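Undergrad: For reference, this is final_18.cif, and it has mmCIF, C-alpha atoms.
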data_protein
loop_
_atom_site.label_atom_id
_atom_site.label_comp_id
_atom_site.auth_asym_id
_atom_site.auth_seq_id
_atom_site.Cartn_x
_atom_site.Cartn_y
_atom_site.Cartn_z
CA MET A 1 -166.82 102.98 -10.71
CA GLN A 2 -163.22 101.91 -11.19
CA ALA A 3 -161.20 101.91 -7.97
CA PHE A 4 -158.52 104.58 -7.61
CA ASP A 5 -155.05 103.11 -8.07
CA PRO A 6 -152.26 105.32 -6.66
CA ARG A 7 -149.59 103.94 -8.99
CA THR A 8 -151.68 104.44 -12.10
CA PHE A 9 -152.30 108.00 -10.93
CA LEU A 10 -148.60 108.64 -10.28
CA ARG A 11 -147.67 107.15 -13.65
CA SER A 12 -150.16 109.49 -15.35
CA THR A 13 -148.50 112.54 -13.83
CA PHE A 14 -145.08 111.33 -14.97
CA ASP A 15 -146.44 110.78 -18.49
CA ALA A 16 -147.87 114.32 -18.49
CA ALA A 17 -144.50 115.71 -17.44
CA VAL A 18 -142.72 113.86 -20.25
CA ARG A 19 -145.26 114.96 -22.86
CA ALA A 20 -144.75 118.57 -21.81
CA ALA A 21 -141.01 118.15 -22.38
CA ASP A 22 -141.46 117.10 -26.01
CA PRO A 23 -138.93 119.32 -27.82
CA LEU A 24 -141.08 119.56 -30.96
CA HIS A 25 -143.27 122.36 -29.57
CA GLY A 26 -140.38 124.46 -28.30
CA ILE A 27 -138.36 124.11 -31.50
CA GLN A 28 -141.37 125.16 -33.56
CA GLN A 29 -141.80 128.27 -31.44
CA TYR A 30 -138.24 129.49 -32.04
CA LEU A 31 -137.56 128.15 -35.53
CA PRO A 32 -135.22 130.57 -37.37
CA ASP A 33 -135.62 131.74 -40.95
CA ARG A 34 -133.84 129.81 -43.69
CA PRO A 35 -130.36 131.18 -44.33
CA LYS A 36 -128.91 132.30 -47.64
CA GLY A 37 -126.31 129.57 -47.32
CA ARG A 38 -126.27 126.07 -45.86
CA THR A 39 -128.15 124.73 -42.84
CA ILE A 40 -125.93 122.54 -40.67
CA VAL A 41 -127.25 120.58 -37.69
CA VAL A 42 -125.09 119.43 -34.78
CA GLY A 43 -126.11 118.16 -31.39
CA ALA A 44 -125.44 116.06 -28.33
CA GLY A 45 -127.41 114.63 -25.43
CA LYS A 46 -129.89 112.00 -24.42
CA ALA A 47 -132.70 113.83 -26.26
CA SER A 48 -130.69 114.96 -29.29
CA ALA A 49 -131.86 112.23 -31.71
CA GLN A 50 -135.53 112.92 -30.96
CA MET A 51 -134.81 116.64 -31.30
CA ALA A 52 -133.25 115.95 -34.70
CA ALA A 53 -136.30 113.96 -35.81
CA ALA A 54 -138.56 116.81 -34.66
CA LEU A 55 -136.47 119.39 -36.50
CA GLU A 56 -136.67 117.39 -39.72
CA THR A 57 -140.48 117.50 -39.58
CA LEU A 58 -140.44 121.28 -39.13
CA TRP A 59 -137.64 122.49 -41.40
CA ASP A 60 -138.62 123.65 -44.90
CA GLY A 61 -135.40 123.35 -46.82
CA PRO A 62 -132.21 121.33 -47.21
CA MET A 63 -130.19 120.43 -44.15
CA GLU A 64 -127.37 118.12 -43.15
CA GLY A 65 -125.45 117.31 -40.01
CA VAL A 66 -124.72 114.92 -37.19
CA VAL A 67 -125.77 114.48 -33.57
CA VAL A 68 -124.63 112.09 -30.85
CA THR A 69 -126.85 110.39 -28.30
CA ARG A 70 -126.64 107.59 -25.76
CA TYR A 71 -126.62 103.96 -26.88
CA GLY A 72 -130.22 102.86 -27.43
CA PHE A 73 -131.57 106.43 -27.61
CA GLY A 74 -131.42 106.84 -31.40
CA ALA A 75 -134.30 107.92 -33.64
CA PRO A 76 -134.81 107.53 -37.41
CA CYS A 77 -133.74 110.60 -39.40
CA LYS A 78 -133.44 111.17 -43.15
CA HIS A 79 -130.92 114.01 -43.36
CA ILE A 80 -129.20 114.11 -39.96
CA GLU A 81 -126.77 111.34 -39.04
CA ILE A 82 -127.25 109.83 -35.58
CA ILE A 83 -124.19 108.53 -33.73
CA GLU A 84 -124.56 106.58 -30.48
CA ALA A 85 -121.96 106.62 -27.71
CA SER A 86 -121.52 105.82 -24.03
CA HIS A 87 -123.12 107.61 -21.09
CA PRO A 88 -122.38 108.38 -18.26
CA VAL A 89 -118.74 107.35 -18.83
CA PRO A 90 -117.30 108.44 -22.23
CA ASP A 91 -115.93 106.00 -24.79
CA GLU A 92 -114.12 105.94 -28.14
CA ALA A 93 -117.39 106.35 -30.05
CA GLY A 94 -117.99 109.64 -28.25
CA LEU A 95 -114.47 110.79 -29.08
CA ILE A 96 -115.10 110.07 -32.76
CA ALA A 97 -118.46 111.86 -32.55
CA SER A 98 -116.83 114.97 -31.09
CA ARG A 99 -114.37 115.08 -33.97
CA ARG A 100 -117.22 114.66 -36.44
CA LEU A 101 -119.15 117.58 -34.95
CA LEU A 102 -116.10 119.84 -35.08
CA GLN A 103 -115.38 118.79 -38.69
CA THR A 104 -119.02 119.40 -39.64
CA VAL A 105 -118.83 123.09 -38.71
CA GLU A 106 -115.46 123.75 -40.37
CA GLY A 107 -115.23 126.22 -43.24
CA LEU A 108 -118.67 127.81 -42.86
CA THR A 109 -119.51 131.36 -43.92
CA ALA A 110 -121.54 134.21 -42.47
CA ASP A 111 -124.42 133.15 -44.75
CA ASP A 112 -124.63 129.70 -43.18
CA LEU A 113 -126.76 128.65 -40.22
CA VAL A 114 -125.84 126.11 -37.56
CA ILE A 115 -128.71 124.64 -35.54
CA ALA A 116 -127.45 123.02 -32.35
CA LEU A 117 -129.62 120.45 -30.55
CA ILE A 118 -128.36 120.20 -26.98
CA SER A 119 -129.72 118.23 -24.03
CA GLY A 120 -128.54 116.72 -20.77
CA GLY A 121 -126.01 113.93 -21.09
CA GLY A 122 -124.08 115.79 -23.77
CA SER A 123 -121.04 116.25 -21.55
CA ALA A 124 -120.27 112.54 -21.35
CA LEU A 125 -121.19 112.03 -25.01
CA LEU A 126 -118.70 114.67 -26.21
CA PRO A 127 -115.26 113.72 -24.91
CA SER A 128 -112.73 115.96 -26.62
CA PRO A 129 -109.65 116.23 -24.43
CA ALA A 130 -107.57 119.39 -24.42
CA PRO A 131 -104.01 119.18 -25.82
CA GLY A 132 -101.84 117.06 -23.55
CA LEU A 133 -104.82 115.09 -22.21
CA THR A 134 -106.28 111.77 -23.35
CA LEU A 135 -109.63 110.00 -23.47
CA ALA A 136 -108.48 108.04 -20.44
CA ASP A 137 -108.04 111.34 -18.59
CA GLU A 138 -111.59 112.42 -19.48
CA ILE A 139 -112.94 109.04 -18.37
CA ALA A 140 -111.10 109.37 -15.05
CA VAL A 141 -112.50 112.88 -14.58
CA ASN A 142 -116.05 111.70 -15.30
CA GLU A 143 -115.76 108.81 -12.88
CA ALA A 144 -114.41 111.13 -10.18
CA LEU A 145 -117.19 113.64 -10.79
CA LEU A 146 -119.91 110.99 -10.64
CA ALA A 147 -118.55 109.66 -7.34
CA SER A 148 -117.99 113.09 -5.76
CA GLY A 149 -121.53 114.09 -4.88
CA ALA A 150 -121.06 117.40 -6.71
CA PRO A 151 -124.13 119.00 -8.37
CA ILE A 152 -124.37 118.84 -12.15
CA SER A 153 -123.52 122.55 -12.49
CA ALA A 154 -120.22 121.98 -10.65
CA MET A 155 -119.44 118.90 -12.74
CA ASN A 156 -119.93 120.82 -15.97
CA THR A 157 -117.78 123.72 -14.77
CA VAL A 158 -114.89 121.27 -14.42
CA ARG A 159 -115.60 119.43 -17.68
CA LYS A 160 -115.61 122.50 -19.91
CA HIS A 161 -112.08 123.51 -18.86
CA ILE A 162 -110.50 120.27 -20.05
CA SER A 163 -112.26 120.15 -23.40
CA THR A 164 -111.82 121.44 -26.97
CA ILE A 165 -115.57 121.33 -27.71
CA LYS A 166 -117.38 122.40 -24.51
CA GLY A 167 -117.70 125.90 -23.03
CA GLY A 168 -118.77 127.48 -26.33
CA ARG A 169 -115.89 126.02 -28.33
CA LEU A 170 -118.15 124.23 -30.82
CA ALA A 171 -119.88 127.53 -31.63
CA ALA A 172 -116.52 129.28 -31.90
CA ALA A 173 -115.40 126.62 -34.40
CA ALA A 174 -118.50 127.37 -36.50
CA TYR A 175 -117.75 131.11 -36.74
CA PRO A 176 -118.59 133.17 -38.80
CA ALA A 177 -121.77 131.12 -39.23
CA ARG A 178 -124.68 132.04 -37.00
CA VAL A 179 -125.50 129.43 -34.34
CA VAL A 180 -129.02 128.92 -32.98
CA SER A 181 -129.16 126.47 -30.08
CA PHE A 182 -132.25 124.57 -28.97
CA ILE A 183 -131.76 123.30 -25.45
CA VAL A 184 -133.62 120.72 -23.38
CA SER A 185 -132.51 121.69 -19.88
CA ASP A 186 -131.65 119.22 -17.14
CA ILE A 187 -129.94 121.93 -15.07
CA PRO A 188 -131.61 123.54 -12.03
CA GLY A 189 -132.11 127.15 -13.02
CA ASP A 190 -131.99 126.33 -16.76
CA ASN A 191 -128.72 128.14 -17.51
CA PRO A 192 -128.06 127.26 -21.19
CA ALA A 193 -124.29 127.51 -20.66
CA LEU A 194 -124.36 124.63 -18.17
CA VAL A 195 -126.49 122.13 -20.11
CA ALA A 196 -124.12 119.50 -21.56
CA SER A 197 -121.28 121.83 -20.48
CA GLY A 198 -122.39 124.40 -23.03
CA PRO A 199 -120.76 123.31 -26.32
CA THR A 200 -122.39 126.27 -28.07
CA VAL A 201 -122.84 128.69 -25.14
CA ALA A 202 -119.96 130.14 -23.12
CA ASP A 203 -120.25 131.26 -19.52
CA ALA A 204 -118.10 133.28 -17.15
CA GLY A 205 -116.94 130.33 -15.02
CA SER A 206 -113.15 130.33 -14.76
CA ARG A 207 -110.55 127.61 -14.34
CA GLU A 208 -110.05 128.98 -10.84
CA ASP A 209 -113.71 128.16 -10.19
CA ALA A 210 -113.07 124.65 -11.47
CA LEU A 211 -110.06 124.23 -9.17
CA ASP A 212 -112.06 125.49 -6.19
CA LEU A 213 -114.79 122.94 -6.89
CA ILE A 214 -112.26 120.13 -7.22
CA GLY A 215 -110.91 121.04 -3.81
CA ALA A 216 -114.30 121.50 -2.21
CA TYR A 217 -115.51 118.06 -3.30
CA ARG A 218 -112.14 116.39 -2.74
CA MET A 219 -111.92 115.04 -6.27
CA ASN A 220 -108.91 112.90 -7.09
CA LEU A 221 -108.09 113.76 -10.71
CA PRO A 222 -105.17 112.64 -12.90
CA GLU A 223 -101.99 114.67 -12.50
CA ALA A 224 -102.07 115.71 -16.17
CA VAL A 225 -105.55 117.17 -15.69
CA MET A 226 -104.48 119.19 -12.65
CA VAL A 227 -101.42 120.51 -14.50
CA HIS A 228 -103.65 121.57 -17.38
CA LEU A 229 -106.20 123.28 -15.10
CA LYS A 230 -103.45 125.28 -13.42
CA SER A 231 -102.21 126.65 -16.75
CA PRO A 232 -103.61 129.48 -18.92
CA ALA A 233 -104.36 126.85 -21.58
CA ALA A 234 -107.44 125.93 -19.55
CA ASP A 235 -108.93 129.43 -19.67
CA GLY A 236 -112.45 129.45 -21.08
CA LEU A 237 -114.10 131.58 -23.72
CA GLU A 238 -115.83 134.78 -22.62
CA PRO A 239 -119.57 135.15 -23.28
CA ARG A 240 -118.76 138.61 -24.69
CA ASP A 241 -116.51 137.09 -27.36
CA SER A 242 -117.42 138.72 -30.67
CA ARG A 243 -117.77 135.30 -32.31
CA PHE A 244 -120.97 134.76 -30.31
CA ALA A 245 -122.58 138.13 -31.13
CA ARG A 246 -125.16 136.80 -33.64
CA ASN A 247 -125.89 133.56 -31.82
CA GLN A 248 -129.07 132.67 -29.93
CA ALA A 249 -129.92 130.00 -27.35
CA HIS A 250 -133.49 128.90 -26.56
CA VAL A 251 -134.52 126.57 -23.72
CA VAL A 252 -137.31 124.56 -25.38
CA ALA A 253 -138.10 122.17 -22.51
CA SER A 254 -137.47 122.34 -18.77
CA ALA A 255 -138.45 120.87 -15.42
CA ALA A 256 -140.61 123.90 -14.60
CA VAL A 257 -142.90 123.35 -17.58
CA SER A 258 -143.06 119.59 -16.96
CA LEU A 259 -144.01 119.95 -13.30
CA GLU A 260 -146.77 122.40 -14.18
CA ALA A 261 -148.13 119.82 -16.63
CA ALA A 262 -148.02 117.11 -13.97
CA ALA A 263 -149.84 119.37 -11.52
CA GLU A 264 -152.54 120.10 -14.08
CA GLU A 265 -152.99 116.36 -14.72
CA ALA A 266 -153.40 115.74 -10.99
CA ARG A 267 -156.01 118.47 -10.70
CA ARG A 268 -157.83 117.06 -13.71
CA GLN A 269 -158.18 113.85 -11.71
CA GLY A 270 -159.43 115.69 -8.64
CA ILE A 271 -156.20 115.84 -6.60
CA GLU A 272 -154.75 119.20 -5.58
CA ALA A 273 -151.05 119.55 -6.45
CA VAL A 274 -148.24 121.60 -4.93
CA ILE A 275 -144.89 122.18 -6.67
CA LEU A 276 -142.22 122.36 -3.98
CA SER A 277 -139.45 123.37 -6.40
CA ASP A 278 -138.19 122.57 -9.90
CA SER A 279 -134.53 123.04 -8.94
CA ILE A 280 -133.81 120.95 -5.84
CA GLU A 281 -130.17 119.92 -5.46
CA GLY A 282 -128.19 118.21 -2.73
CA GLU A 283 -127.29 114.79 -1.39
CA TYR A 284 -130.19 112.43 -2.01
CA ARG A 285 -130.39 111.36 1.67
CA ASP A 286 -130.92 114.96 2.78
CA VAL A 287 -133.49 115.67 0.07
CA ALA A 288 -135.33 112.43 0.84
CA SER A 289 -135.38 113.22 4.55
CA VAL A 290 -137.04 116.58 3.97
CA HIS A 291 -139.60 115.14 1.54
CA ALA A 292 -140.43 112.34 3.98
CA ALA A 293 -140.85 114.80 6.85
CA ILE A 294 -143.32 116.90 4.82
CA ALA A 295 -145.26 113.80 3.75
CA ARG A 296 -145.46 112.54 7.36
CA GLU A 297 -146.68 115.94 8.56
CA ILE A 298 -149.46 115.95 5.98
CA ALA A 299 -150.41 112.34 6.65
CA THR A 300 -150.58 112.67 10.43
CA ARG A 301 -151.50 116.34 11.02
CA ASP A 302 -152.98 117.58 7.73
CA ARG A 303 -150.43 120.38 7.48
CA PRO A 304 -148.88 122.34 5.80
CA PHE A 305 -151.24 121.07 3.05
CA ALA A 306 -154.58 119.35 3.43
CA LYS A 307 -155.10 115.81 2.19
CA PRO A 308 -155.45 114.63 -0.49
CA VAL A 309 -152.52 116.36 -2.13
CA LEU A 310 -149.75 115.62 -4.61
CA LEU A 311 -146.31 117.00 -3.83
CA LEU A 312 -144.14 117.57 -6.91
CA SER A 313 -140.46 118.42 -7.17
CA GLY A 314 -137.67 118.39 -9.74
CA GLY A 315 -134.00 119.18 -10.04
CA GLU A 316 -131.11 116.78 -9.58
CA THR A 317 -129.96 115.16 -6.38
CA THR A 318 -126.45 113.76 -6.07
CA VAL A 319 -125.14 110.46 -4.76
CA THR A 320 -121.78 110.20 -3.04
CA LEU A 321 -120.80 106.63 -3.84
CA ARG A 322 -119.75 104.49 -0.91
CA ALA A 323 -120.03 101.07 -2.54
CA LYS A 324 -120.54 99.44 -5.94
CA GLY A 325 -124.17 98.38 -5.85
CA LYS A 326 -126.80 98.90 -8.54
CA GLY A 327 -128.95 101.99 -8.72
CA GLY A 328 -129.29 105.64 -9.59
CA ARG A 329 -130.09 108.84 -7.78
CA ASN A 330 -133.88 108.46 -8.11
CA SER A 331 -134.03 104.93 -6.74
CA GLU A 332 -131.57 105.94 -4.00
CA PHE A 333 -133.79 108.92 -3.13
CA LEU A 334 -136.88 106.74 -3.06
CA LEU A 335 -135.32 104.02 -0.90
CA SER A 336 -134.27 106.65 1.63
CA PHE A 337 -137.76 108.19 1.40
CA ALA A 338 -139.36 104.77 1.96
CA LEU A 339 -137.38 104.38 5.17
CA GLY A 340 -138.61 107.80 6.27
CA ILE A 341 -142.30 106.94 5.79
CA SER A 342 -142.15 103.27 6.78
CA GLY A 343 -145.36 102.11 8.46
CA ILE A 344 -147.38 105.22 7.61
CA ALA A 345 -150.54 104.57 5.61
CA GLY A 346 -151.76 106.75 2.74
CA ILE A 347 -148.41 107.83 1.26
CA HIS A 348 -147.46 106.72 -2.25
CA ALA A 349 -144.52 108.04 -4.28
CA ILE A 350 -142.67 107.79 -7.55
CA ALA A 351 -139.19 109.10 -8.32
CA ALA A 352 -137.85 108.79 -11.85
CA ASP A 353 -135.51 110.32 -14.38
CA THR A 354 -137.46 111.93 -17.21
CA ASP A 355 -135.08 110.44 -19.80
CA GLY A 356 -136.27 106.96 -18.81
CA ILE A 357 -132.95 105.72 -17.39
CA ASP A 358 -131.93 106.11 -13.74
CA GLY A 359 -128.18 105.71 -13.46
CA SER A 360 -126.87 102.86 -15.56
CA GLU A 361 -129.66 100.31 -15.12
CA ASP A 362 -132.84 99.68 -17.14
CA ASN A 363 -135.33 101.51 -14.93
CA ALA A 364 -136.49 105.11 -14.92
CA GLY A 365 -136.95 104.95 -11.15
CA ALA A 366 -139.26 103.18 -8.71
CA PHE A 367 -142.47 103.29 -6.67
CA ALA A 368 -142.70 103.33 -2.87
CA ASP A 369 -145.27 103.53 -0.10
CA GLY A 370 -145.51 103.02 3.66
CA GLN A 371 -145.18 99.23 3.30
CA THR A 372 -142.16 99.20 0.95
CA VAL A 373 -139.59 98.52 3.69
CA GLU A 374 -141.69 95.68 5.12
CA ARG A 375 -142.15 94.08 1.70
CA MET A 376 -138.40 94.22 1.19
CA ARG A 377 -137.85 92.59 4.58
CA LYS A 378 -140.17 89.73 3.63
CA ALA A 379 -138.21 89.37 0.35
CA GLY A 380 -134.98 89.00 2.34
CA VAL A 381 -133.64 92.52 1.73
CA ASP A 382 -132.69 94.92 4.48
CA ALA A 383 -133.53 98.41 3.16
CA LYS A 384 -130.98 100.23 5.33
CA SER A 385 -128.17 97.92 4.30
CA ALA A 386 -129.13 98.24 0.64
CA LEU A 387 -128.99 102.01 0.95
CA ILE A 388 -125.55 101.94 2.54
CA GLN A 389 -124.33 99.68 -0.26
CA ASN A 390 -125.75 101.97 -2.99
CA ASN A 391 -127.90 99.00 -3.97
CA ALA A 392 -131.34 100.57 -4.35
CA TRP A 393 -132.01 98.93 -7.71
CA THR A 394 -131.64 95.47 -6.21
CA ALA A 395 -133.89 96.38 -3.27
CA PHE A 396 -136.76 97.59 -5.47
CA HIS A 397 -136.22 94.77 -7.95
CA SER A 398 -136.71 92.25 -5.14
CA ILE A 399 -140.32 93.43 -4.69
CA ASP A 400 -141.03 94.21 -8.36
CA ASP A 401 -141.41 97.94 -7.68
CA LEU A 402 -139.04 99.28 -10.33
CA PHE A 403 -140.56 101.80 -12.75
CA ILE A 404 -139.50 100.94 -16.32
CA THR A 405 -140.35 103.12 -19.31
CA GLY A 406 -137.45 102.82 -21.75
CA PRO A 407 -135.95 105.96 -23.35
CA THR A 408 -138.51 108.77 -23.39
CA GLY A 409 -136.90 111.06 -25.95
CA THR A 410 -136.41 113.96 -23.59
CA ASN A 411 -134.45 114.85 -20.45
CA VAL A 412 -135.51 117.52 -17.96
CA ASN A 413 -133.98 115.69 -15.04
CA ASP A 414 -135.58 114.19 -11.94
CA PHE A 415 -139.32 113.90 -11.39
CA ARG A 416 -140.66 113.25 -7.91
CA ALA A 417 -144.36 112.92 -7.08
CA ILE A 418 -145.67 112.08 -3.60
CA LEU A 419 -149.37 111.42 -3.10
CA VAL A 420 -150.76 111.78 0.42
CA ARG A 421 -154.35 110.56 0.75
#
Any chance you could give the structure as structure tokens?
TA:
Amino acid sequence: MQAFDPRTFLRSTFDAAVRAADPLHGIQQYLPDRPKGRTIVVGAGKASAQMAAALETLWDGPMEGVVVTRYGFGAPCKHIEIIEASHPVPDEAGLIASRRLLQTVEGLTADDLVIALISGGGSALLPSPAPGLTLADEIAVNEALLASGAPISAMNTVRKHISTIKGGRLAAAAYPARVVSFIVSDIPGDNPALVASGPTVADAGSREDALDLIGAYRMNLPEAVMVHLKSPAADGLEPRDSRFARNQAHVVASAAVSLEAAAEEARRQGIEAVILSDSIEGEYRDVASVHAAIAREIATRDRPFAKPVLLLSGGETTVTLRAKGKGGRNSEFLLSFALGISGIAGIHAIAADTDGIDGSEDNAGAFADGQTVERMRKAGVDAKSALIQNNAWTAFHSIDDLFITGPTGTNVNDFRAILVR
């Protein structure tokens, strides 16, 4: 009988989670009828190209359009143009893509249909500064947001009030055409209006909310941005706006569905699984501390769950940057977790971003166990110092424990699996 390998097991649960987030099945379930007029496709996000390819296999009729995705995340399409741009910090290619999307929905009629393919990452990929602002202003805002430690929902509340495409504005530009949005959610709670800052779905968040969040997280934004946010020009569109009356939004993939699939895969292999939550937010150190405490309790006292068990959680932690090391929120979480379980046998974990890229490096995440910190020490890396320097990638790279998948074609945010044997 083949020996049980914890990492192979953990990898299998991640793969099951990613398969469950394949947008093809969700799009098929909600596919609208062909319109009398044209079918136009627009989209943005780290999964948008794969969503476009899936739509092309399902759609029975002519279509045309354009979507934007992250560099290296493209997919071959026959009828839908794929543009690649920068993430997580916007660039000129994203600015051009935003203009193309807005131009694509110009001049449509009530007989036309717009299918919007939206996934996480779309905010950075759709820079479209409000009048009086520049691309440099949007870049500065993104950098400040990423360094602030704010949750993704707060980031997107700010972003949509400085944009001409977010907060439902892309759908408003398409009016009177009907807009059907397919959404791969990376937002805890799966609010369609917050995914990619809602280019086709408005929400009730106000510019006052945005200003409150800027103050709460002590964000240092350009003066021009603050002047804009304090003016009525930054007011958002209301969800009750009549231009949205015929529109629909469908969440076709989410963390909840993916975690259920991972749990089922674990049980198939004879390991009981417990989903702690699919919407965990907060500073990664705090989240890691709680996860480590639960894992230690199970390992040493067989409570609150009996061994063997797989603990699963999703959502999106945040990292308040203190230095300029290499890493992402999943590797930072896992390094902090490794410190919390150091020296304890029988605990193995993986933390990874379901899109295949953690932060700005080449890894999806990393693996850890009770000996991770000691292996790093032998490799000449002090785990605590690496954590302080936001250098988790380097720490895991030193012991060859990075988890590398390449782009997965979906994005339902963080995946954490902790096996206690």
Undergrad: Listed atoms of region 32-37 of chain A, axis-aligned box, 4 Å per side: centre and edge lengths to one decimal in Å, as AutoDock Vina command-line options?
TA:
--center_x -131.0 --center_y 130.9 --center_z -42.5 --size_x 17.3 --size_y 10.7 --size_z 18.3
Undergrad: What lies within 10 Å of Phe305 (chain A) using only C-alpha atoms, ignoring chain neighbours under 3 positions off, as a ChimeraX atom specification?
TA: /A:272-274,294-295,297-299,301-302,308-311,420
Undergrad: Any idea what's packed within 7 Å of region 63-73 of chain A, counting all atoms listed in the file, ignoring anything in its chain fewer than 5 positions away? Could you give it as a list in words?
TA: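 Skipping anything fewer than 5 positions along the chain leaves Thr39, Ile40, Val41, Val42, Gly43, Ala44, Gly45, Lys46, Ser48, Ala49, His79, Ile80, Glu81, Ile82, Ile83, Glu84, Ala85, Ser86, His87, Ala97, Leu101, Thr104, Leu125 and Pro407 of chain A.
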Undergrad: Store the residues of this selection in a file with C-alpha atoms, as a short mmCIF file (atom, residue, chain, number, x, y, z; two decimals), keeping the file's coordinate frame.
TA:
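And here's again_12.cif as it stands now:
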data_model
loop_
_atom_site.label_atom_id
_atom_site.label_comp_id
_atom_site.auth_asym_id
_atom_site.auth_seq_id
_atom_site.Cartn_x
_atom_site.Cartn_y
_atom_site.Cartn_z
CA THR A 39 -128.15 124.73 -42.84
CA ILE A 40 -125.93 122.54 -40.67
CA VAL A 41 -127.25 120.58 -37.69
CA VAL A 42 -125.09 119.43 -34.78
CA GLY A 43 -126.11 118.16 -31.39
CA ALA A 44 -125.44 116.06 -28.33
CA GLY A 45 -127.41 114.63 -25.43
CA LYS A 46 -129.89 112.00 -24.42
CA SER A 48 -130.69 114.96 -29.29
CA ALA A 49 -131.86 112.23 -31.71
CA HIS A 79 -130.92 114.01 -43.36
CA ILE A 80 -129.20 114.11 -39.96
CA GLU A 81 -126.77 111.34 -39.04
CA ILE A 82 -127.25 109.83 -35.58
CA ILE A 83 -124.19 108.53 -33.73
CA GLU A 84 -124.56 106.58 -30.48
CA ALA A 85 -121.96 106.62 -27.71
CA SER A 86 -121.52 105.82 -24.03
CA HIS A 87 -123.12 107.61 -21.09
CA ALA A 97 -118.46 111.86 -32.55
CA LEU A 101 -119.15 117.58 -34.95
CA THR A 104 -119.02 119.40 -39.64
CA LEU A 125 -121.19 112.03 -25.01
CA PRO A 407 -135.95 105.96 -23.35
#
Undergrad: Quick one: distance from CA of His291 (chain A) to CA of Gly315 (chain A) in Å, one decimal?
TA: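 CA of His291 (chain A) sits 13.5 Å away from CA of Gly315 (chain A).
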Undergrad: Determine the residue set returned by the PyMOL selection byres ((chain A and resi 285) around 10) for the present structure, and present it as a PyMOL selection string.
TA: chain A and resi 282-284+286-291+317-320+329+332-337+387
Undergrad: Determine, counting all atoms listed in the file, every residue of protein, DNA or RNA that lies within 12 Å of (-141.0, 123.0, -27.9) in the file coordinates, then give the result as JSON, numbers by chain.
TA: {"A": [19, 20, 21, 22, 23, 24, 25, 26, 27, 28, 29, 30, 31, 50, 51, 54, 55, 58, 117, 182, 183, 184, 185, 250, 251, 252, 253, 254, 257, 258, 410]}
Undergrad: Assuming the chain letters and numbering stay as they are in my file, what does the PyMOL selection byres ((chain A and resi 144) around 10) actually select? List them as an NGL selection string.
TA: :A and (138-143 or 145-150 or 155 or 214 or 217-222)
Undergrad: Here is a test: counting all atoms listed in the file, which residue of A:Ala210, A:Ala75, A:Ile275, A:Ile341 is nearest to Ser313 (chain A)?
TA: A:Ile275
Undergrad: May I ask for the distance between CA of Ala52 (chain A) and CA of Asn411 (chain A), given in Å to one decimal place?
TA: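 For CA of Ala52 (chain A) relative to CA of Asn411 (chain A), the distance reads 14.3 Å.
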Undergrad: Give me, as a ChimeraX atom specification, all polymer residues having an atom no more than 7 Å from region 277-281 of chain A, counting all atoms listed in the file and skipping those fewer than 4 positions away in the same chain.
TA: /A:151,188-189,255-256,313-317
Undergrad: To one decimal in Å, tell me the separation between CA of Ala306 (chain A) and CA of Gly346 (chain A).
TA: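 Separation between CA of Ala306 (chain A) and CA of Gly346 (chain A): 12.9 Å.
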Undergrad: List the neighbours of Leu211 (chain A) out to 8 Å using all atoms listed in the file; skip same-chain residues closer than 3 positions along the sequence, and give me the result as number ranges by chain.
TA: A: 158, 207-208, 214-215, 229-230
Undergrad: How would you write, as a PyMOL selection string, the residues chosen by the PyMOL selection byres ((chain A and resi 160-177) around 6) on this structure?
TA: chain A and resi 105+108-110+112-113+128-130+157-159+178+197-202+234
Undergrad: Which residue out of A:Asp369, A:Glu92, A:Glu374, A:Asp414 has the minimum interatomic distance to Pro6 (chain A) when all atoms listed in the file are used?
TA: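 The shortest atom-to-atom distance to Pro6 (chain A) comes from A:Asp369.
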Undergrad: Which one of A:Asn391, A:Lys307, A:Val195, A:Ala224 sits closest to Ala136 (chain A) if you count only C-alpha atoms?
TA: A:Ala224
Undergrad: Hey, what's within 6 Å of Asp186 (chain A) if we count only C-alpha atoms and toss same-chain stuff fewer than 5 positions away? As a ChimeraX atom specification, please?
TA: /A:120,412-413
Undergrad: Since the input lacks some atoms of region 379-384 of chain A, please model N, CA and C atoms and print them as a short mmCIF file (atom, residue, chain, number, x, y, z; two decimals), keeping the file's coordinate frame.
TA:
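Saved to part25.cif:
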data_model
loop_
_atom_site.label_atom_id
_atom_site.label_comp_id
_atom_site.auth_asym_id
_atom_site.auth_seq_id
_atom_site.Cartn_x
_atom_site.Cartn_y
_atom_site.Cartn_z
N ALA A 379 -138.92 89.90 1.52
CA ALA A 379 -138.21 89.37 0.35
C ALA A 379 -136.74 89.08 0.67
N GLY A 380 -136.35 89.30 1.93
CA GLY A 380 -134.98 89.00 2.34
C GLY A 380 -134.00 90.13 2.13
N VAL A 381 -134.50 91.36 1.96
CA VAL A 381 -133.64 92.52 1.73
C VAL A 381 -133.80 93.50 2.88
N ASP A 382 -132.68 93.90 3.45
CA ASP A 382 -132.69 94.92 4.48
C ASP A 382 -132.51 96.28 3.81
N ALA A 383 -133.54 97.13 3.89
CA ALA A 383 -133.53 98.41 3.16
C ALA A 383 -132.37 99.30 3.58
N LYS A 384 -132.08 99.37 4.86
CA LYS A 384 -130.98 100.23 5.33
C LYS A 384 -129.64 99.75 4.79
#
